[in-house]
Structure formats: structure tokens, C-alpha cells
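A.B. asks: For reference, the file model.txt (compact mmCIF, N, CA and C atoms) is included below:
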# COMPACT_ATOMS: atom_id res chain seq x y z
N LEU A 863 5.14 -8.72 -11.51
CA LEU A 863 4.82 -10.12 -11.32
C LEU A 863 3.36 -10.32 -11.67
N ARG A 864 3.09 -11.19 -12.59
CA ARG A 864 1.71 -11.46 -12.99
C ARG A 864 1.15 -12.60 -12.17
N THR A 865 -0.07 -12.42 -11.72
CA THR A 865 -0.74 -13.43 -10.91
C THR A 865 -1.81 -14.10 -11.76
N TYR A 866 -1.83 -15.42 -11.74
CA TYR A 866 -2.84 -16.14 -12.50
C TYR A 866 -4.17 -16.04 -11.78
N THR A 867 -5.17 -15.53 -12.46
CA THR A 867 -6.53 -15.47 -11.89
C THR A 867 -7.45 -16.19 -12.86
N PRO A 868 -7.94 -17.35 -12.48
CA PRO A 868 -8.73 -18.13 -13.42
C PRO A 868 -10.18 -17.65 -13.57
N VAL A 869 -10.48 -16.44 -13.18
CA VAL A 869 -11.81 -15.88 -13.45
C VAL A 869 -11.71 -15.37 -14.89
N ALA A 870 -12.03 -16.24 -15.83
CA ALA A 870 -11.67 -15.97 -17.21
C ALA A 870 -12.86 -15.76 -18.15
N THR A 871 -13.94 -16.47 -17.96
CA THR A 871 -15.03 -16.36 -18.93
C THR A 871 -15.84 -15.10 -18.67
N LYS A 872 -16.57 -14.69 -19.68
CA LYS A 872 -17.42 -13.50 -19.57
C LYS A 872 -18.44 -13.67 -18.43
N GLU A 873 -19.00 -14.86 -18.34
CA GLU A 873 -19.98 -15.14 -17.30
C GLU A 873 -19.35 -15.06 -15.90
N GLU A 874 -18.12 -15.59 -15.78
CA GLU A 874 -17.44 -15.54 -14.48
C GLU A 874 -17.13 -14.10 -14.07
N ARG A 875 -16.64 -13.31 -15.02
CA ARG A 875 -16.33 -11.91 -14.68
C ARG A 875 -17.59 -11.16 -14.28
N GLY A 876 -18.69 -11.40 -14.98
CA GLY A 876 -19.95 -10.75 -14.63
C GLY A 876 -20.45 -11.17 -13.26
N LEU A 877 -20.37 -12.48 -12.98
CA LEU A 877 -20.80 -12.99 -11.68
C LEU A 877 -19.92 -12.42 -10.57
N PHE A 878 -18.61 -12.37 -10.79
CA PHE A 878 -17.70 -11.84 -9.78
C PHE A 878 -18.06 -10.38 -9.46
N LYS A 879 -18.24 -9.59 -10.49
CA LYS A 879 -18.56 -8.16 -10.29
C LYS A 879 -19.88 -8.01 -9.54
N LYS A 880 -20.88 -8.79 -9.93
CA LYS A 880 -22.20 -8.72 -9.29
C LYS A 880 -22.11 -9.10 -7.81
N MET A 881 -21.43 -10.23 -7.53
CA MET A 881 -21.33 -10.69 -6.14
C MET A 881 -20.54 -9.70 -5.29
N LEU A 882 -19.47 -9.15 -5.84
CA LEU A 882 -18.66 -8.21 -5.08
C LEU A 882 -19.41 -6.92 -4.80
N GLN A 883 -20.13 -6.41 -5.81
CA GLN A 883 -20.90 -5.19 -5.60
C GLN A 883 -22.01 -5.40 -4.58
N GLU A 884 -22.64 -6.56 -4.60
CA GLU A 884 -23.66 -6.86 -3.58
C GLU A 884 -23.04 -6.90 -2.19
N THR A 885 -21.85 -7.51 -2.08
CA THR A 885 -21.18 -7.62 -0.78
C THR A 885 -20.78 -6.23 -0.27
N ILE A 886 -20.16 -5.44 -1.12
CA ILE A 886 -19.73 -4.10 -0.71
C ILE A 886 -20.94 -3.22 -0.43
N GLY A 887 -21.97 -3.34 -1.26
CA GLY A 887 -23.18 -2.55 -1.08
C GLY A 887 -23.91 -2.85 0.21
N SER A 888 -23.79 -4.08 0.70
CA SER A 888 -24.47 -4.44 1.95
C SER A 888 -23.65 -4.05 3.18
N GLY A 889 -22.47 -3.44 2.97
CA GLY A 889 -21.68 -2.95 4.09
C GLY A 889 -20.71 -3.94 4.69
N HIS A 890 -20.53 -5.10 4.07
CA HIS A 890 -19.58 -6.08 4.59
C HIS A 890 -18.16 -5.61 4.30
N PRO A 891 -17.23 -5.85 5.22
CA PRO A 891 -15.83 -5.51 4.94
C PRO A 891 -15.26 -6.47 3.91
N VAL A 892 -14.30 -5.99 3.14
CA VAL A 892 -13.66 -6.84 2.14
C VAL A 892 -12.40 -7.42 2.78
N ASN A 893 -12.50 -8.67 3.23
CA ASN A 893 -11.36 -9.35 3.84
C ASN A 893 -11.39 -10.83 3.46
N ARG A 894 -10.48 -11.60 4.02
CA ARG A 894 -10.37 -13.02 3.64
C ARG A 894 -11.65 -13.80 3.99
N ASP A 895 -12.29 -13.48 5.10
CA ASP A 895 -13.54 -14.15 5.46
C ASP A 895 -14.63 -13.86 4.42
N THR A 896 -14.64 -12.64 3.92
CA THR A 896 -15.60 -12.27 2.88
C THR A 896 -15.40 -13.15 1.65
N PHE A 897 -14.12 -13.33 1.26
CA PHE A 897 -13.84 -14.14 0.07
C PHE A 897 -14.10 -15.62 0.33
N HIS A 898 -13.96 -16.05 1.56
CA HIS A 898 -14.33 -17.43 1.89
C HIS A 898 -15.83 -17.62 1.67
N ASN A 899 -16.63 -16.66 2.15
CA ASN A 899 -18.09 -16.73 1.96
C ASN A 899 -18.47 -16.62 0.49
N LEU A 900 -17.79 -15.74 -0.25
CA LEU A 900 -18.07 -15.61 -1.69
C LEU A 900 -17.74 -16.91 -2.42
N THR A 901 -16.66 -17.55 -2.03
CA THR A 901 -16.27 -18.82 -2.67
C THR A 901 -17.30 -19.90 -2.39
N MET A 902 -17.78 -19.96 -1.15
CA MET A 902 -18.80 -20.95 -0.81
C MET A 902 -20.06 -20.72 -1.64
N GLU A 903 -20.48 -19.46 -1.77
CA GLU A 903 -21.67 -19.14 -2.57
C GLU A 903 -21.41 -19.45 -4.04
N TRP A 904 -20.23 -19.07 -4.54
CA TRP A 904 -19.87 -19.30 -5.95
C TRP A 904 -19.96 -20.78 -6.28
N ASN A 905 -19.29 -21.60 -5.48
CA ASN A 905 -19.25 -23.04 -5.77
C ASN A 905 -20.57 -23.74 -5.47
N GLY A 906 -21.31 -23.26 -4.49
CA GLY A 906 -22.55 -23.93 -4.12
C GLY A 906 -23.74 -23.55 -4.96
N GLN A 907 -23.83 -22.30 -5.41
CA GLN A 907 -25.03 -21.85 -6.09
C GLN A 907 -24.86 -21.57 -7.58
N HIS A 908 -23.62 -21.30 -8.03
CA HIS A 908 -23.47 -20.83 -9.40
C HIS A 908 -22.76 -21.79 -10.34
N VAL A 909 -22.05 -22.77 -9.81
CA VAL A 909 -21.34 -23.73 -10.66
C VAL A 909 -22.32 -24.83 -11.04
N GLU A 910 -22.45 -25.04 -12.35
CA GLU A 910 -23.31 -26.12 -12.85
C GLU A 910 -22.48 -26.99 -13.78
N LEU A 911 -22.39 -28.24 -13.47
CA LEU A 911 -21.66 -29.15 -14.33
C LEU A 911 -22.53 -29.54 -15.51
N PRO A 912 -21.94 -29.68 -16.68
CA PRO A 912 -22.74 -29.99 -17.88
C PRO A 912 -23.32 -31.41 -17.82
N ASN A 913 -24.46 -31.57 -18.47
CA ASN A 913 -25.12 -32.88 -18.53
C ASN A 913 -24.58 -33.73 -19.68
N SER A 914 -23.96 -33.07 -20.66
CA SER A 914 -23.41 -33.81 -21.80
C SER A 914 -22.10 -33.14 -22.23
N LYS A 915 -21.39 -33.83 -23.13
CA LYS A 915 -20.11 -33.28 -23.61
C LYS A 915 -20.32 -32.07 -24.51
N GLN A 916 -21.50 -31.92 -25.07
CA GLN A 916 -21.77 -30.80 -25.96
C GLN A 916 -21.98 -29.49 -25.18
N GLU A 917 -22.44 -29.60 -23.95
CA GLU A 917 -22.66 -28.40 -23.14
C GLU A 917 -21.33 -27.88 -22.62
N LYS A 918 -21.20 -26.57 -22.57
CA LYS A 918 -19.97 -25.97 -22.07
C LYS A 918 -20.16 -25.52 -20.63
N VAL A 919 -19.10 -25.65 -19.86
CA VAL A 919 -19.11 -25.10 -18.51
C VAL A 919 -18.75 -23.63 -18.64
N ARG A 920 -19.61 -22.77 -18.14
CA ARG A 920 -19.36 -21.34 -18.26
C ARG A 920 -18.86 -20.73 -16.95
N ILE A 921 -19.20 -21.36 -15.84
CA ILE A 921 -18.72 -20.90 -14.54
C ILE A 921 -18.09 -22.09 -13.84
N PHE A 922 -16.77 -22.00 -13.66
CA PHE A 922 -16.00 -23.10 -13.09
C PHE A 922 -15.87 -22.93 -11.58
N PRO A 923 -15.65 -24.03 -10.85
CA PRO A 923 -15.42 -23.93 -9.40
C PRO A 923 -14.14 -23.12 -9.11
N LYS A 924 -14.12 -22.45 -7.95
CA LYS A 924 -12.98 -21.62 -7.57
C LYS A 924 -12.54 -21.90 -6.14
N TYR A 925 -11.27 -21.60 -5.87
CA TYR A 925 -10.74 -21.58 -4.51
C TYR A 925 -10.77 -20.14 -4.02
N VAL A 926 -10.60 -19.96 -2.71
CA VAL A 926 -10.60 -18.62 -2.12
C VAL A 926 -9.52 -17.75 -2.77
N LEU A 927 -8.34 -18.31 -2.96
CA LEU A 927 -7.25 -17.52 -3.55
C LEU A 927 -7.54 -17.09 -4.98
N HIS A 928 -8.28 -17.87 -5.72
CA HIS A 928 -8.64 -17.47 -7.08
C HIS A 928 -9.44 -16.17 -7.04
N LEU A 929 -10.45 -16.12 -6.19
CA LEU A 929 -11.29 -14.91 -6.11
C LEU A 929 -10.52 -13.75 -5.49
N LEU A 930 -9.69 -14.02 -4.51
CA LEU A 930 -8.90 -12.98 -3.86
C LEU A 930 -7.90 -12.36 -4.84
N ASN A 931 -7.21 -13.18 -5.60
CA ASN A 931 -6.26 -12.67 -6.60
C ASN A 931 -6.99 -11.90 -7.69
N HIS A 932 -8.14 -12.39 -8.11
CA HIS A 932 -8.89 -11.67 -9.13
C HIS A 932 -9.39 -10.34 -8.60
N TYR A 933 -9.73 -10.28 -7.33
CA TYR A 933 -10.17 -9.01 -6.71
C TYR A 933 -9.05 -7.98 -6.77
N LYS A 934 -7.82 -8.40 -6.47
CA LYS A 934 -6.69 -7.47 -6.52
C LYS A 934 -6.52 -6.90 -7.93
N LYS A 935 -6.62 -7.77 -8.91
CA LYS A 935 -6.49 -7.33 -10.31
C LYS A 935 -7.69 -6.45 -10.69
N TRP A 936 -8.88 -6.83 -10.28
CA TRP A 936 -10.10 -6.08 -10.59
C TRP A 936 -10.05 -4.70 -9.95
N ARG A 937 -9.58 -4.63 -8.70
CA ARG A 937 -9.51 -3.35 -7.99
C ARG A 937 -8.55 -2.40 -8.70
N LEU A 938 -7.40 -2.90 -9.16
CA LEU A 938 -6.43 -2.07 -9.88
C LEU A 938 -7.03 -1.57 -11.19
N THR A 939 -7.68 -2.46 -11.93
CA THR A 939 -8.31 -2.07 -13.19
C THR A 939 -9.41 -1.06 -12.94
N ASN A 940 -10.19 -1.26 -11.88
CA ASN A 940 -11.27 -0.34 -11.54
C ASN A 940 -10.72 1.05 -11.22
N LYS A 941 -9.62 1.11 -10.45
CA LYS A 941 -9.01 2.41 -10.13
C LYS A 941 -8.53 3.10 -11.39
N THR A 942 -7.92 2.34 -12.29
CA THR A 942 -7.41 2.91 -13.53
C THR A 942 -8.56 3.45 -14.37
N MET A 943 -9.64 2.68 -14.50
CA MET A 943 -10.78 3.12 -15.29
C MET A 943 -11.44 4.35 -14.67
N SER A 944 -11.51 4.40 -13.33
CA SER A 944 -12.08 5.57 -12.65
C SER A 944 -11.23 6.80 -12.91
N ALA A 945 -9.91 6.65 -12.88
CA ALA A 945 -9.01 7.77 -13.13
C ALA A 945 -9.15 8.27 -14.57
N ILE A 946 -9.29 7.35 -15.52
CA ILE A 946 -9.45 7.74 -16.92
C ILE A 946 -10.77 8.47 -17.10
N THR A 947 -11.84 7.95 -16.51
CA THR A 947 -13.15 8.60 -16.62
C THR A 947 -13.11 9.99 -16.00
N GLU A 948 -12.49 10.10 -14.83
CA GLU A 948 -12.39 11.39 -14.15
C GLU A 948 -11.59 12.38 -14.99
N ALA A 949 -10.48 11.92 -15.59
CA ALA A 949 -9.67 12.80 -16.43
C ALA A 949 -10.42 13.23 -17.67
N ASN A 950 -11.19 12.31 -18.26
CA ASN A 950 -11.95 12.65 -19.47
C ASN A 950 -13.04 13.68 -19.20
N GLU A 951 -13.47 13.77 -17.94
CA GLU A 951 -14.51 14.74 -17.60
C GLU A 951 -13.94 16.09 -17.20
N SER A 952 -12.61 16.24 -17.17
CA SER A 952 -12.00 17.51 -16.77
C SER A 952 -12.23 18.55 -17.87
N PRO A 953 -12.32 19.83 -17.50
CA PRO A 953 -12.58 20.89 -18.48
C PRO A 953 -11.51 20.98 -19.57
N VAL A 954 -10.25 20.76 -19.21
CA VAL A 954 -9.18 20.87 -20.21
C VAL A 954 -9.32 19.79 -21.27
N VAL A 955 -9.56 18.55 -20.85
CA VAL A 955 -9.68 17.45 -21.82
C VAL A 955 -10.92 17.65 -22.68
N ARG A 956 -12.02 18.10 -22.08
CA ARG A 956 -13.22 18.36 -22.88
C ARG A 956 -12.96 19.44 -23.92
N ALA A 957 -12.22 20.50 -23.54
CA ALA A 957 -11.91 21.57 -24.50
C ALA A 957 -11.02 21.05 -25.61
N LEU A 958 -10.05 20.23 -25.27
CA LEU A 958 -9.17 19.67 -26.29
C LEU A 958 -9.93 18.77 -27.26
N LYS A 959 -10.83 17.96 -26.72
CA LYS A 959 -11.64 17.10 -27.59
C LYS A 959 -12.57 17.92 -28.46
N HIS A 960 -13.16 18.95 -27.89
CA HIS A 960 -14.10 19.77 -28.63
C HIS A 960 -13.42 20.53 -29.76
N ASN A 961 -12.21 21.01 -29.52
CA ASN A 961 -11.50 21.84 -30.49
C ASN A 961 -10.45 21.07 -31.27
N LYS A 962 -10.56 19.80 -31.27
CA LYS A 962 -9.66 18.91 -32.01
C LYS A 962 -8.23 18.93 -31.47
N GLY A 963 -8.04 19.46 -30.28
CA GLY A 963 -6.77 19.29 -29.58
C GLY A 963 -5.59 20.05 -30.13
N ILE A 964 -4.45 19.41 -30.06
CA ILE A 964 -3.19 20.04 -30.44
C ILE A 964 -2.82 19.60 -31.84
N ARG A 965 -2.42 20.57 -32.66
CA ARG A 965 -1.98 20.28 -34.02
C ARG A 965 -0.49 20.58 -34.12
N VAL A 966 0.22 19.74 -34.80
CA VAL A 966 1.65 19.97 -35.02
C VAL A 966 1.88 20.01 -36.50
N GLU A 967 2.40 21.14 -36.99
CA GLU A 967 2.68 21.27 -38.42
C GLU A 967 4.03 21.93 -38.60
N GLN A 968 4.92 21.31 -39.30
CA GLN A 968 6.20 21.86 -39.69
C GLN A 968 6.92 22.57 -38.55
N GLY A 969 7.04 21.91 -37.42
CA GLY A 969 7.79 22.48 -36.31
C GLY A 969 7.06 23.54 -35.53
N THR A 970 5.77 23.78 -35.80
CA THR A 970 5.00 24.77 -35.08
C THR A 970 3.94 24.07 -34.26
N TYR A 971 3.87 24.37 -32.99
CA TYR A 971 2.89 23.76 -32.11
C TYR A 971 1.79 24.78 -31.86
N THR A 972 0.55 24.43 -32.12
CA THR A 972 -0.56 25.34 -31.92
C THR A 972 -1.60 24.66 -31.04
N LEU A 973 -2.00 25.32 -29.98
CA LEU A 973 -3.06 24.81 -29.13
C LEU A 973 -4.30 25.62 -29.48
N HIS A 974 -5.21 25.02 -30.22
CA HIS A 974 -6.38 25.72 -30.74
C HIS A 974 -7.51 25.79 -29.74
N GLY A 975 -8.23 26.88 -29.76
CA GLY A 975 -9.47 27.00 -29.02
C GLY A 975 -9.33 27.46 -27.59
N LEU A 976 -8.12 27.65 -27.09
CA LEU A 976 -7.97 28.06 -25.71
C LEU A 976 -7.37 29.47 -25.61
N GLY A 977 -7.40 30.25 -26.69
CA GLY A 977 -6.94 31.62 -26.66
C GLY A 977 -5.43 31.76 -26.61
N THR A 978 -4.71 30.75 -27.01
CA THR A 978 -3.26 30.85 -27.00
C THR A 978 -2.76 31.19 -28.39
N THR A 979 -1.55 31.61 -28.46
CA THR A 979 -0.96 31.92 -29.75
C THR A 979 -0.04 30.79 -30.17
N THR A 980 0.37 30.87 -31.41
CA THR A 980 1.25 29.84 -31.94
C THR A 980 2.66 30.06 -31.42
N ALA A 981 3.28 29.01 -30.95
CA ALA A 981 4.66 29.09 -30.49
C ALA A 981 5.51 28.23 -31.40
N HIS A 982 6.65 28.76 -31.80
CA HIS A 982 7.53 28.02 -32.70
C HIS A 982 8.49 27.16 -31.91
N LYS A 983 8.73 26.01 -32.42
CA LYS A 983 9.68 25.09 -31.80
C LYS A 983 11.08 25.68 -31.97
N PRO A 984 11.88 25.74 -30.91
CA PRO A 984 13.23 26.27 -31.07
C PRO A 984 14.04 25.38 -31.99
N ALA A 985 14.91 26.05 -32.77
CA ALA A 985 15.74 25.31 -33.72
C ALA A 985 16.76 24.48 -32.96
N ASP A 986 17.06 23.34 -33.49
CA ASP A 986 18.09 22.50 -32.90
C ASP A 986 19.44 23.14 -33.13
N PRO A 987 20.34 23.10 -32.14
CA PRO A 987 21.67 23.70 -32.34
C PRO A 987 22.42 22.90 -33.40
N PRO A 988 23.30 23.61 -34.16
CA PRO A 988 24.04 22.88 -35.19
C PRO A 988 25.02 21.90 -34.55
N LEU A 989 25.23 20.83 -35.25
CA LEU A 989 26.16 19.82 -34.75
C LEU A 989 27.59 20.30 -34.99
N PRO A 990 28.51 20.03 -34.06
CA PRO A 990 29.90 20.44 -34.27
C PRO A 990 30.50 19.63 -35.41
N PRO A 991 31.47 20.24 -36.11
CA PRO A 991 32.08 19.48 -37.22
C PRO A 991 32.83 18.27 -36.67
N VAL A 992 32.84 17.26 -37.46
CA VAL A 992 33.53 16.03 -37.06
C VAL A 992 35.00 16.18 -37.42
N MET A 993 35.87 16.04 -36.45
CA MET A 993 37.31 16.15 -36.67
C MET A 993 37.87 14.74 -36.88
N MET A 994 38.53 14.58 -38.00
CA MET A 994 39.16 13.30 -38.30
C MET A 994 40.58 13.33 -37.75
N PRO A 995 41.05 12.22 -37.21
CA PRO A 995 42.43 12.20 -36.71
C PRO A 995 43.41 12.32 -37.90
N PRO A 996 44.58 12.88 -37.64
CA PRO A 996 45.54 13.00 -38.75
C PRO A 996 45.97 11.62 -39.22
N PRO A 997 46.38 11.54 -40.48
CA PRO A 997 46.82 10.22 -40.99
C PRO A 997 48.10 9.78 -40.27
N PRO A 998 48.32 8.50 -40.18
CA PRO A 998 49.55 8.04 -39.50
C PRO A 998 50.78 8.43 -40.31
N PRO A 999 51.93 8.62 -39.63
CA PRO A 999 53.15 8.99 -40.38
C PRO A 999 53.58 7.82 -41.27
N PRO A 1000 54.31 8.15 -42.34
CA PRO A 1000 54.77 7.06 -43.21
C PRO A 1000 55.74 6.15 -42.46
N PRO A 1001 55.83 4.91 -42.85
CA PRO A 1001 56.74 4.01 -42.14
C PRO A 1001 58.20 4.47 -42.32
N VAL A 1002 58.97 4.35 -41.27
CA VAL A 1002 60.38 4.75 -41.31
C VAL A 1002 61.19 3.59 -41.90
N MET A 1003 61.99 3.96 -42.92
CA MET A 1003 62.84 2.93 -43.55
C MET A 1003 64.21 2.96 -42.86
N MET A 1004 64.66 1.82 -42.49
CA MET A 1004 65.98 1.72 -41.86
C MET A 1004 67.05 1.73 -42.96
N PRO A 1005 68.13 2.48 -42.76
CA PRO A 1005 69.19 2.45 -43.79
C PRO A 1005 69.82 1.04 -43.86
N PRO A 1006 70.30 0.71 -44.99
CA PRO A 1006 70.92 -0.62 -45.09
C PRO A 1006 72.21 -0.70 -44.20
N PRO A 1007 72.52 -1.87 -43.75
CA PRO A 1007 73.72 -1.95 -42.90
C PRO A 1007 75.01 -1.60 -43.71
N PRO A 1008 76.02 -1.03 -43.05
CA PRO A 1008 77.24 -0.68 -43.80
C PRO A 1008 77.96 -1.95 -44.33
N PRO A 1009 78.62 -1.79 -45.46
CA PRO A 1009 79.30 -2.98 -46.00
C PRO A 1009 80.47 -3.41 -45.09
N PRO A 1010 80.79 -4.65 -45.06
CA PRO A 1010 81.89 -5.09 -44.15
C PRO A 1010 83.24 -4.77 -44.68
Could you spell out this file's structure in C-alpha cells?
C.D. replies:
Amino acid sequence: LRTYTPVATKEERGLFKKMLQETIGSGHPVNRDTFHNLTMEWNGQHVELPNSKQEKVRIFPKYVLHLLNHYKKWRLTNKTMSAITEANESPVVRALKHNKGIRVEQGTYTLHGLGTTTAHKPADPPLPPVMMPPPPPPPVMMPPPPPP
């Protein structure tokens, strides 16, 4: 289920991240009251309405649920990015990147640079022959009726 989070512009995403990091860094718990306070600050200090039609609004007003929903999405993305970064720093991934990883050539899998030998892919078993059903019997002709 996708949740609409109207924190859409580059400026809004940057402001959201900055405000959230300041809140978490100051030791405040992340709960609904926190998002109520963030919304009040967002709408009171950061939203500026344009003076003319040519000016663009870069930070739009938000409701508490807008910031709360965006936080859920942001937290999931942050966890994913942290996991990817952590995996990229693992010794195995670094070795694979350094040694150009795994090469596949003509059914042979070789893991280069880690002291392994080449292992051959097992051959696929042959397919059983296809059996065709026998042809149907010829139609039976009925003898003509006897003459009267």
C-alpha cells in the first residue's frame, strides 16, 4: 500500500531531514507530539508564500500526518541505504569489487581472486523422448443391408 507523502520538493526533503536530525540529536523522542511540534515549526518559520506569480513556492504548508507519513517512508529508505552501505563495506563484497567479481563463460563459473578453483556447471539431464499417441483406427464401414 503506497502512502501519499507530499514532502516532494528538494528543498522540502532537505528541510525535513535537517529538522528531524536536529530533533533526534537533541534527545527528543520521535512520537506524534514531536511531529505536531515539527509541523508548527515547519508552517510557522519555513513556509513563505510568493510575492508574485513568477516566484515559485518551494516549501509548502504541511499537516501533521504529512510529516508523519513521510517519516515512515524516510525511515524505511534510511534503513535500506544503511544496509546497502554496510554490505558494501563487508570484506567479501570489497574482494569481489576489487577482483572484478564472478565471471561466467560457457557454462563455467569462476570466482576469481579468492583462491577457489573453477567449477563446471552440471549438464542438464536429457529430455525424455516425446511419445505421440497412436493414430485413431480407421472408420468402421457397416455392411449394406440385406436385399428384401
A.B. asks: Compile the contact shell of Asp895 of chain A as a PyMOL selection string: residues with an atom at most 12 Å away, counting only C-alpha atoms, same-chain residues fewer than 6 positions apart removed.
C.D. replies: chain A and resi 885+901-902+926-927+929-930
A.B. asks: Could you tell me how far atom CA of Gln907 of chain A sits from atom CA of Lys934 of chain A, in Å to one decimal place?
C.D. replies: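 Distance reported for this atom pair: 23.3 Å.
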A.B. asks: Could you tell me how far atom N of Asn893 of chain A sits from atom CA of Ile946 of chain A, in Å to one decimal place?
C.D. replies: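 Between these atoms lies a distance of 26.2 Å.
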A.B. asks: Separation of atom CA of Lys918 of chain A and atom CA of Gln883 of chain A, in Å?
C.D. replies: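 Result for atom CA of Lys918 of chain A versus atom CA of Gln883 of chain A: 26.5 Å, one decimal.
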